[in-house]
$ cat model.csv   # CSV, C-alpha atoms
chain,number,residue,atom,x,y,z
O,154,VAL,CA,8.8,-5.7,-22.9
O,155,SER,CA,10.5,-8.6,-24.6
O,156,ALA,CA,10.2,-12.4,-24.3
O,157,HIS,CA,13.1,-14.8,-24.4
O,158,LYS,CA,12.9,-18.6,-25.0
O,159,GLY,CA,15.8,-20.8,-24.1
O,160,PRO,CA,18.6,-20.8,-21.5
O,161,LEU,CA,19.0,-17.7,-19.4
O,162,THR,CA,22.3,-15.9,-18.8
O,163,GLU,CA,23.3,-13.5,-16.1
O,164,ASP,CA,24.0,-10.8,-18.7
O,165,LEU,CA,20.5,-11.2,-20.2
O,166,VAL,CA,18.8,-11.0,-16.8
O,167,ALA,CA,21.1,-8.2,-15.6
O,168,GLY,CA,19.6,-6.0,-18.4
O,169,CYS,CA,16.1,-6.4,-17.1
O,170,ALA,CA,14.1,-4.2,-14.7
O,171,VAL,CA,11.8,-7.2,-14.0
O,172,ALA,CA,12.4,-10.9,-14.8
O,173,VAL,CA,9.3,-13.1,-15.3
O,174,LEU,CA,10.0,-16.8,-15.3
O,175,THR,CA,7.5,-19.5,-16.2
O,176,ASP,CA,7.7,-23.3,-16.5
O,177,THR,CA,10.9,-23.2,-14.4
O,178,ALA,CA,12.2,-25.8,-11.9
O,179,GLN,CA,12.3,-24.8,-8.2
O,180,ALA,CA,16.1,-24.9,-8.0
O,181,GLU,CA,16.3,-22.5,-11.0
O,182,LEU,CA,13.7,-20.2,-9.5
O,183,ILE,CA,15.8,-20.0,-6.3
O,184,ARG,CA,18.9,-19.3,-8.3
O,185,TRP,CA,17.4,-16.6,-10.4
O,186,ASP,CA,15.6,-14.9,-7.6
O,187,ASN,CA,18.8,-14.8,-5.5
O,188,PHE,CA,20.6,-13.4,-8.6
O,189,CYS,CA,18.0,-10.7,-9.0
O,190,ARG,CA,18.1,-9.8,-5.3
O,191,SER,CA,21.9,-9.5,-5.4
O,192,ARG,CA,21.8,-6.7,-8.1
O,193,SER,CA,21.9,-3.0,-7.2
O,194,PRO,CA,19.2,-1.9,-7.6
O,195,ALA,CA,17.4,-5.2,-7.2
O,196,ILE,CA,15.8,-6.7,-10.3
O,197,GLY,CA,12.1,-7.4,-9.8
O,198,PHE,CA,11.4,-11.1,-10.0
O,199,ILE,CA,8.2,-12.9,-10.8
O,200,GLY,CA,7.8,-16.7,-11.0
O,201,ALA,CA,4.5,-17.9,-12.4
O,202,ASP,CA,3.0,-21.2,-13.5
O,203,CYS,CA,-0.4,-22.6,-14.5
O,204,PHE,CA,-1.4,-26.2,-13.9
O,205,GLY,CA,-4.8,-26.5,-15.4
O,206,LEU,CA,-7.3,-25.0,-12.9
O,207,ALA,CA,-4.5,-24.3,-10.3
O,208,GLY,CA,-1.7,-21.8,-10.6
O,209,ARG,CA,0.9,-20.0,-8.6
O,210,VAL,CA,2.6,-16.6,-8.7
O,211,PHE,CA,5.6,-15.5,-6.7
O,212,VAL,CA,6.6,-11.8,-6.6
O,213,ASP,CA,9.9,-10.4,-5.2
O,214,PHE,CA,10.8,-6.7,-5.6
O,215,GLY,CA,13.6,-6.8,-3.0
O,216,ASP,CA,14.0,-5.7,0.6
O,217,SER,CA,12.9,-2.1,0.0
O,218,PHE,CA,10.4,-1.5,-2.8
O,219,THR,CA,8.7,1.9,-3.0
O,220,CYS,CA,5.0,1.5,-4.0
O,221,ARG,CA,3.1,4.6,-5.2
O,222,ASP,CA,-0.3,3.1,-4.6
O,223,LYS,CA,-0.6,0.2,-2.1
O,224,ASP,CA,-4.1,-0.9,-2.9
O,225,GLY,CA,-4.8,0.2,-6.5
O,226,GLU,CA,-8.1,1.8,-5.5
O,227,GLU,CA,-9.3,5.2,-6.6
O,228,PRO,CA,-8.8,7.7,-3.7
O,229,ARG,CA,-11.9,8.1,-1.6
O,230,SER,CA,-13.6,11.3,-0.5
O,231,ALA,CA,-16.4,12.0,2.0
O,232,ILE,CA,-18.5,15.0,3.0
O,233,LEU,CA,-17.9,16.2,6.6
O,234,ALA,CA,-20.6,16.4,9.2
O,235,GLY,CA,-18.5,17.6,12.1
O,236,ILE,CA,-15.1,17.8,13.7
O,237,THR,CA,-14.5,17.9,17.5
O,238,GLN,CA,-12.0,20.1,19.4
O,239,GLU,CA,-10.3,17.3,21.2
O,240,ALA,CA,-7.0,15.5,21.6
O,241,PRO,CA,-7.3,13.6,19.2
O,242,GLY,CA,-9.9,15.4,17.2
O,243,THR,CA,-12.7,13.2,15.9
O,244,VAL,CA,-13.9,13.7,12.3
O,245,HIS,CA,-17.5,12.7,11.5
O,246,THR,CA,-18.7,12.1,8.0
O,247,HIS,CA,-22.3,12.2,6.7
O,248,ASN,CA,-24.3,9.0,7.5
O,249,ASP,CA,-25.6,8.6,4.0
O,250,ARG,CA,-22.4,6.9,2.9
O,251,ARG,CA,-19.5,5.1,4.7
O,252,HIS,CA,-16.2,7.0,4.3
O,253,GLY,CA,-14.3,3.8,3.3
O,254,PHE,CA,-11.0,4.9,4.9
O,255,GLN,CA,-8.7,2.5,6.7
O,256,ASN,CA,-6.3,2.9,9.6
O,257,GLY,CA,-3.1,4.5,8.5
O,258,ASP,CA,-4.6,6.3,5.4
O,259,TRP,CA,-3.5,9.8,4.7
O,260,VAL,CA,-6.1,12.6,4.0
O,261,THR,CA,-6.4,16.2,3.2
O,262,PHE,CA,-9.3,18.7,3.9
O,263,ARG,CA,-10.8,21.4,1.8
O,264,GLU,CA,-13.8,23.8,2.0
O,265,VAL,CA,-14.1,23.4,5.7
O,266,GLN,CA,-15.9,26.3,7.3
O,267,GLY,CA,-14.8,27.1,10.8
O,268,MET,CA,-11.8,24.9,11.4
O,269,THR,CA,-10.0,26.4,8.5
O,270,GLU,CA,-6.5,25.3,9.8
O,271,LEU,CA,-7.3,22.0,8.1
O,272,ASN,CA,-7.9,23.5,4.6
O,273,GLY,CA,-5.0,22.9,2.2
O,274,SER,CA,-2.7,21.6,4.8
O,275,GLU,CA,-0.2,18.8,4.4
O,276,PRO,CA,-1.7,15.2,4.4
O,277,ARG,CA,-2.3,13.7,7.8
O,278,GLN,CA,-2.6,10.1,8.9
O,279,ILE,CA,-5.9,8.9,10.4
O,280,LYS,CA,-7.1,6.3,12.8
O,281,VAL,CA,-10.5,4.9,11.9
O,282,THR,CA,-13.0,4.7,14.8
O,283,GLY,CA,-16.1,3.7,12.9
O,284,PRO,CA,-17.7,3.6,9.4
O,285,TYR,CA,-18.5,7.3,9.7
O,286,SER,CA,-15.7,8.6,11.9
O,287,PHE,CA,-11.9,8.7,12.4
O,288,THR,CA,-9.5,10.7,14.5
O,289,ILE,CA,-6.7,13.1,13.5
O,290,GLU,CA,-4.2,15.1,15.6
O,291,ASP,CA,-5.0,17.3,18.6
O,292,THR,CA,-7.5,19.9,17.4
O,293,THR,CA,-8.0,21.8,20.7
O,294,VAL,CA,-6.1,24.9,19.4
O,295,TYR,CA,-8.0,25.0,16.1
O,296,SER,CA,-11.0,27.3,15.6
O,297,PRO,CA,-14.3,25.6,16.1
O,298,TYR,CA,-15.8,23.6,13.2
O,299,LEU,CA,-18.9,25.3,11.7
O,300,ARG,CA,-20.1,23.3,8.7
O,301,GLU,CA,-19.3,21.7,5.4
O,302,GLY,CA,-16.0,20.5,4.1
O,303,ILE,CA,-14.6,17.5,2.1
O,304,VAL,CA,-12.0,15.0,3.2
O,305,SER,CA,-10.0,13.2,0.5
O,306,GLN,CA,-7.7,10.3,0.7
O,307,VAL,CA,-4.1,10.9,-0.5
O,308,LYS,CA,-1.9,8.2,-1.9
O,309,VAL,CA,1.5,8.4,-0.3
O,310,LEU,CA,4.6,6.4,-1.0
O,311,HIS,CA,4.7,3.1,0.8
O,312,THR,CA,7.8,1.0,1.3
O,313,MET,CA,7.3,-2.7,1.0
O,314,ARG,CA,9.6,-5.5,2.0
O,315,PHE,CA,9.6,-8.7,0.0
O,316,PHE,CA,11.2,-12.0,0.9
O,317,SER,CA,13.2,-14.3,-1.3
O,318,TYR,CA,11.7,-17.3,-3.1
O,319,GLU,CA,14.1,-19.6,-1.1
O,320,ARG,CA,12.9,-18.2,2.2
O,321,SER,CA,9.3,-18.2,1.2
O,322,CYS,CA,9.5,-21.9,0.3
O,323,VAL,CA,10.6,-22.6,3.9
O,324,GLN,CA,8.2,-20.1,5.5
O,325,PRO,CA,5.4,-19.2,3.1
O,326,ARG,CA,4.1,-16.3,5.2
O,327,PRO,CA,6.0,-13.5,6.9
O,328,GLU,CA,6.3,-13.7,10.7
O,329,GLY,CA,3.1,-12.2,12.2
O,330,GLY,CA,1.4,-12.3,8.8
O,331,PRO,CA,-2.1,-13.7,8.1
O,332,GLU,CA,-2.7,-17.4,8.2
O,333,LEU,CA,-3.1,-19.0,4.8
O,334,ALA,CA,-6.5,-20.7,4.4

$ encode --input "model.csv" --output "C-alpha cells"
Amino acid sequence: VSAHKGPLTEDLVAGCAVAVLTDTAQAELIRWDNFCRSRSPAIGFIGADCFGLAGRVFVDFGDSFTCRDKDGEEPRSAILAGITQEAPGTVHTHNDRRHGFQNGDWVTFREVQGMTELNGSEPRQIKVTGPYSFTIEDTTVYSPYLREGIVSQVKVLHTMRFFSYERSCVQPRPEGGPELA
C-alpha cells in the first residue's frame, strides 16, 4: 500500500491493483474509473469523500469480479432434525436455533446417520423454506434418514458485476435493484 499526493498519471495508476481517489472532482472520477475499467485485467477503483457527517464511497471492480466471500460472515452450521425422501428433499434443523441460511447458499453434510449419501459429498445449493427448513435435490433414491447430522454452509466463488462511475451517476441503482431510501 502506498499513498500518492499530487497529479495522477496513467503510468502511475496502471501499476496499481486498486486505485483509491479522495477529494477528486466528478469529471476526474469519471476519467480515472473509465481508465481503470479499460485495463486488462481491470484495476479496482474506489472513490471516497467525507463531508462532515455525510460521506460517499463508490466501488468498481469491473464487469466480472470474483468474490471469495460475498457476505463476510462466518460460515453457519446447524444440527439436523430430519430429511424427507421427496423431490425435492426437505431438510429440517432443530428448533432451538434458526439455521440462518439464505436462498442460494451452498452446504455440505456430515455425520448423517441413514441418508449417508449426503455425507462428504460436493456442496449443494439450497432453497430456504423456513427458519428451520430448506430444500435440496431429489432424495427419493437415497436411503432413509435415521438421525443426527450436521449441515454446514460453504463459501463458494461468486462473480459480481460492477457498473462504471459514469453510468452510476446517471442511474444510481442497477436495473431491478433495490430502491434507495

$ atom_distance --input "model.csv" --atom1 "atom CA of O:Ile199" --atom2 "atom CA of O:Val173"
4.6 Å

$ residues_around --input "model.csv" --residues "O:Gly242" --least-positions-apart "2" --cutoff "10 Å" --atoms "only C-alpha atoms" --output "PyMOL selection string"
chain O and resi 236-240+244-245+287-293+295

$ residues_around --input "model.csv" --residues "O:Thr246" --least-positions-apart "3" --cutoff "7 Å" --atoms "all atoms listed in the file" --output "mmCIF file with C-alpha atoms, in the frame of the given file"
data_model
loop_
_atom_site.group_PDB
_atom_site.id
_atom_site.type_symbol
_atom_site.label_atom_id
_atom_site.label_comp_id
_atom_site.auth_asym_id
_atom_site.auth_seq_id
_atom_site.Cartn_x
_atom_site.Cartn_y
_atom_site.Cartn_z
ATOM 1 C CA ALA O 231 -16.400 12.000 2.000
ATOM 2 C CA ILE O 232 -18.500 15.000 3.000
ATOM 3 C CA LEU O 233 -17.900 16.200 6.600
ATOM 4 C CA ALA O 234 -20.600 16.400 9.200
ATOM 5 C CA GLY O 235 -18.500 17.600 12.100
ATOM 6 C CA HIS O 252 -16.200 7.000 4.300
ATOM 7 C CA TYR O 285 -18.500 7.300 9.700
ATOM 8 C CA SER O 286 -15.700 8.600 11.900
#

$ atom_distance --input "model.csv" --atom1 "atom CA of O:Asp258" --atom2 "atom CA of O:Ser230"
11.9 Å

$ atom_distance --input "model.csv" --atom1 "atom CA of O:Asp176" --atom2 "atom CA of O:Gly159"
11.4 Å

$ closest_residue --input "model.csv" --among "O:Thr282, O:Thr219, O:Asn272, O:Gln179" --to "O:Val309" --atoms "only C-alpha atoms"
O:Thr219

$ closest_residue --input "model.csv" --among "O:Pro160, O:Gly283, O:Gly267, O:Pro327" --to "O:Glu301" --atoms "all atoms listed in the file"
O:Gly267

$ residues_around --input "model.csv" --residues "O:Phe218" --least-positions-apart "3" --cutoff "10 Å" --atoms "all atoms listed in the file" --output "PyMOL selection string"
chain O and resi 195+197+213-215+221+310-315

$ closest_residue --input "model.csv" --among "O:Ser317, O:Cys322, O:Ala201, O:Leu174" --to "O:Ala156" --atoms "all atoms listed in the file"
O:Leu174

$ closest_residue --input "model.csv" --among "O:Val210, O:Val294, O:Val260, O:Val171" --to "O:Val307" --atoms "only C-alpha atoms"
O:Val260

$ closest_residue --input "model.csv" --among "O:Met268, O:Val304, O:Val212, O:Cys220" --to "O:His247" --atoms "only C-alpha atoms"
O:Val304

$ closest_residue --input "model.csv" --among "O:Tyr318, O:His157, O:Leu299, O:Asp222" --to "O:Ala180" --atoms "all atoms listed in the file"
O:Tyr318

$ residues_around --input "model.csv" --residues "O:Ser193" --least-positions-apart "4" --cutoff "12 Å" --atoms "only C-alpha atoms" --output "number ranges by chain"
O: 167-170, 188-189, 197, 214-217

$ decode --input "model.csv" --residues "stretch 165-183 of chain O" --atoms "N, CA, C and O atoms" --output "PDB file, in the first residue's frame"
ATOM      1  N   LEU O 165       1.336   5.768 -13.447  1.00  0.00           N
ATOM      2  CA  LEU O 165       1.239   5.554 -12.005  1.00  0.00           C
ATOM      3  C   LEU O 165       0.039   4.667 -11.678  1.00  0.00           C
ATOM      4  O   LEU O 165       0.164   3.674 -10.959  1.00  0.00           O
ATOM      5  N   VAL O 166      -1.127   4.998 -12.221  1.00  0.00           N
ATOM      6  CA  VAL O 166      -2.346   4.242 -11.933  1.00  0.00           C
ATOM      7  C   VAL O 166      -2.268   2.845 -12.546  1.00  0.00           C
ATOM      8  O   VAL O 166      -2.739   1.869 -11.951  1.00  0.00           O
ATOM      9  N   ALA O 167      -1.641   2.711 -13.717  1.00  0.00           N
ATOM     10  CA  ALA O 167      -1.536   1.403 -14.371  1.00  0.00           C
ATOM     11  C   ALA O 167      -0.752   0.400 -13.529  1.00  0.00           C
ATOM     12  O   ALA O 167      -0.943  -0.810 -13.667  1.00  0.00           O
ATOM     13  N   GLY O 168       0.079   0.876 -12.625  1.00  0.00           N
ATOM     14  CA  GLY O 168       0.850  -0.007 -11.760  1.00  0.00           C
ATOM     15  C   GLY O 168       0.116  -0.431 -10.505  1.00  0.00           C
ATOM     16  O   GLY O 168       0.680  -1.136  -9.663  1.00  0.00           O
ATOM     17  N   CYS O 169      -1.134  -0.042 -10.363  1.00  0.00           N
ATOM     18  CA  CYS O 169      -1.922  -0.347  -9.159  1.00  0.00           C
ATOM     19  C   CYS O 169      -2.840  -1.544  -9.392  1.00  0.00           C
ATOM     20  O   CYS O 169      -3.297  -1.784 -10.500  1.00  0.00           O
ATOM     21  N   ALA O 170      -3.126  -2.263  -8.317  1.00  0.00           N
ATOM     22  CA  ALA O 170      -4.174  -3.282  -8.358  1.00  0.00           C
ATOM     23  C   ALA O 170      -5.517  -2.630  -8.044  1.00  0.00           C
ATOM     24  O   ALA O 170      -6.549  -3.022  -8.582  1.00  0.00           O
ATOM     25  N   VAL O 171      -5.480  -1.627  -7.151  1.00  0.00           N
ATOM     26  CA  VAL O 171      -6.669  -0.861  -6.784  1.00  0.00           C
ATOM     27  C   VAL O 171      -6.250   0.595  -6.657  1.00  0.00           C
ATOM     28  O   VAL O 171      -5.236   0.901  -6.023  1.00  0.00           O
ATOM     29  N   ALA O 172      -7.025   1.487  -7.231  1.00  0.00           N
ATOM     30  CA  ALA O 172      -6.779   2.926  -7.100  1.00  0.00           C
ATOM     31  C   ALA O 172      -7.864   3.515  -6.216  1.00  0.00           C
ATOM     32  O   ALA O 172      -9.053   3.293  -6.455  1.00  0.00           O
ATOM     33  N   VAL O 173      -7.454   4.241  -5.184  1.00  0.00           N
ATOM     34  CA  VAL O 173      -8.397   4.894  -4.274  1.00  0.00           C
ATOM     35  C   VAL O 173      -8.213   6.396  -4.423  1.00  0.00           C
ATOM     36  O   VAL O 173      -7.129   6.914  -4.151  1.00  0.00           O
ATOM     37  N   LEU O 174      -9.261   7.083  -4.846  1.00  0.00           N
ATOM     38  CA  LEU O 174      -9.198   8.529  -5.035  1.00  0.00           C
ATOM     39  C   LEU O 174     -10.088   9.217  -4.014  1.00  0.00           C
ATOM     40  O   LEU O 174     -11.223   8.780  -3.784  1.00  0.00           O
ATOM     41  N   THR O 175      -9.563  10.282  -3.411  1.00  0.00           N
ATOM     42  CA  THR O 175     -10.341  11.094  -2.485  1.00  0.00           C
ATOM     43  C   THR O 175     -10.208  12.554  -2.902  1.00  0.00           C
ATOM     44  O   THR O 175      -9.257  12.936  -3.585  1.00  0.00           O
ATOM     45  N   ASP O 176     -11.172  13.351  -2.477  1.00  0.00           N
ATOM     46  CA  ASP O 176     -11.147  14.785  -2.756  1.00  0.00           C
ATOM     47  C   ASP O 176     -10.877  15.045  -4.238  1.00  0.00           C
ATOM     48  O   ASP O 176      -9.975  15.787  -4.611  1.00  0.00           O
ATOM     49  N   THR O 177     -11.684  14.391  -5.080  1.00  0.00           N
ATOM     50  CA  THR O 177     -11.488  14.448  -6.528  1.00  0.00           C
ATOM     51  C   THR O 177     -12.765  14.918  -7.204  1.00  0.00           C
ATOM     52  O   THR O 177     -13.861  14.465  -6.859  1.00  0.00           O
ATOM     53  N   ALA O 178     -12.646  15.801  -8.171  1.00  0.00           N
ATOM     54  CA  ALA O 178     -13.804  16.311  -8.915  1.00  0.00           C
ATOM     55  C   ALA O 178     -14.481  15.182  -9.693  1.00  0.00           C
ATOM     56  O   ALA O 178     -13.837  14.204 -10.085  1.00  0.00           O
ATOM     57  N   GLN O 179     -15.785  15.348  -9.929  1.00  0.00           N
ATOM     58  CA  GLN O 179     -16.564  14.308 -10.601  1.00  0.00           C
ATOM     59  C   GLN O 179     -16.004  13.975 -11.984  1.00  0.00           C
ATOM     60  O   GLN O 179     -15.913  12.801 -12.343  1.00  0.00           O
ATOM     61  N   ALA O 180     -15.605  14.959 -12.756  1.00  0.00           N
ATOM     62  CA  ALA O 180     -15.066  14.702 -14.099  1.00  0.00           C
ATOM     63  C   ALA O 180     -13.800  13.843 -14.015  1.00  0.00           C
ATOM     64  O   ALA O 180     -13.585  12.945 -14.847  1.00  0.00           O
ATOM     65  N   GLU O 181     -12.978  14.078 -13.012  1.00  0.00           N
ATOM     66  CA  GLU O 181     -11.759  13.269 -12.835  1.00  0.00           C
ATOM     67  C   GLU O 181     -12.098  11.859 -12.361  1.00  0.00           C
ATOM     68  O   GLU O 181     -11.449  10.893 -12.758  1.00  0.00           O
ATOM     69  N   LEU O 182     -13.107  11.717 -11.502  1.00  0.00           N
ATOM     70  CA  LEU O 182     -13.540  10.376 -11.072  1.00  0.00           C
ATOM     71  C   LEU O 182     -14.002   9.562 -12.279  1.00  0.00           C
ATOM     72  O   LEU O 182     -13.653   8.386 -12.417  1.00  0.00           O
ATOM     73  N   ILE O 183     -14.774  10.194 -13.152  1.00  0.00           N
ATOM     74  CA  ILE O 183     -15.241   9.505 -14.362  1.00  0.00           C
ATOM     75  C   ILE O 183     -14.046   9.110 -15.225  1.00  0.00           C
ATOM     76  O   ILE O 183     -13.951   7.968 -15.686  1.00  0.00           O
TER      77      ILE O 183
END
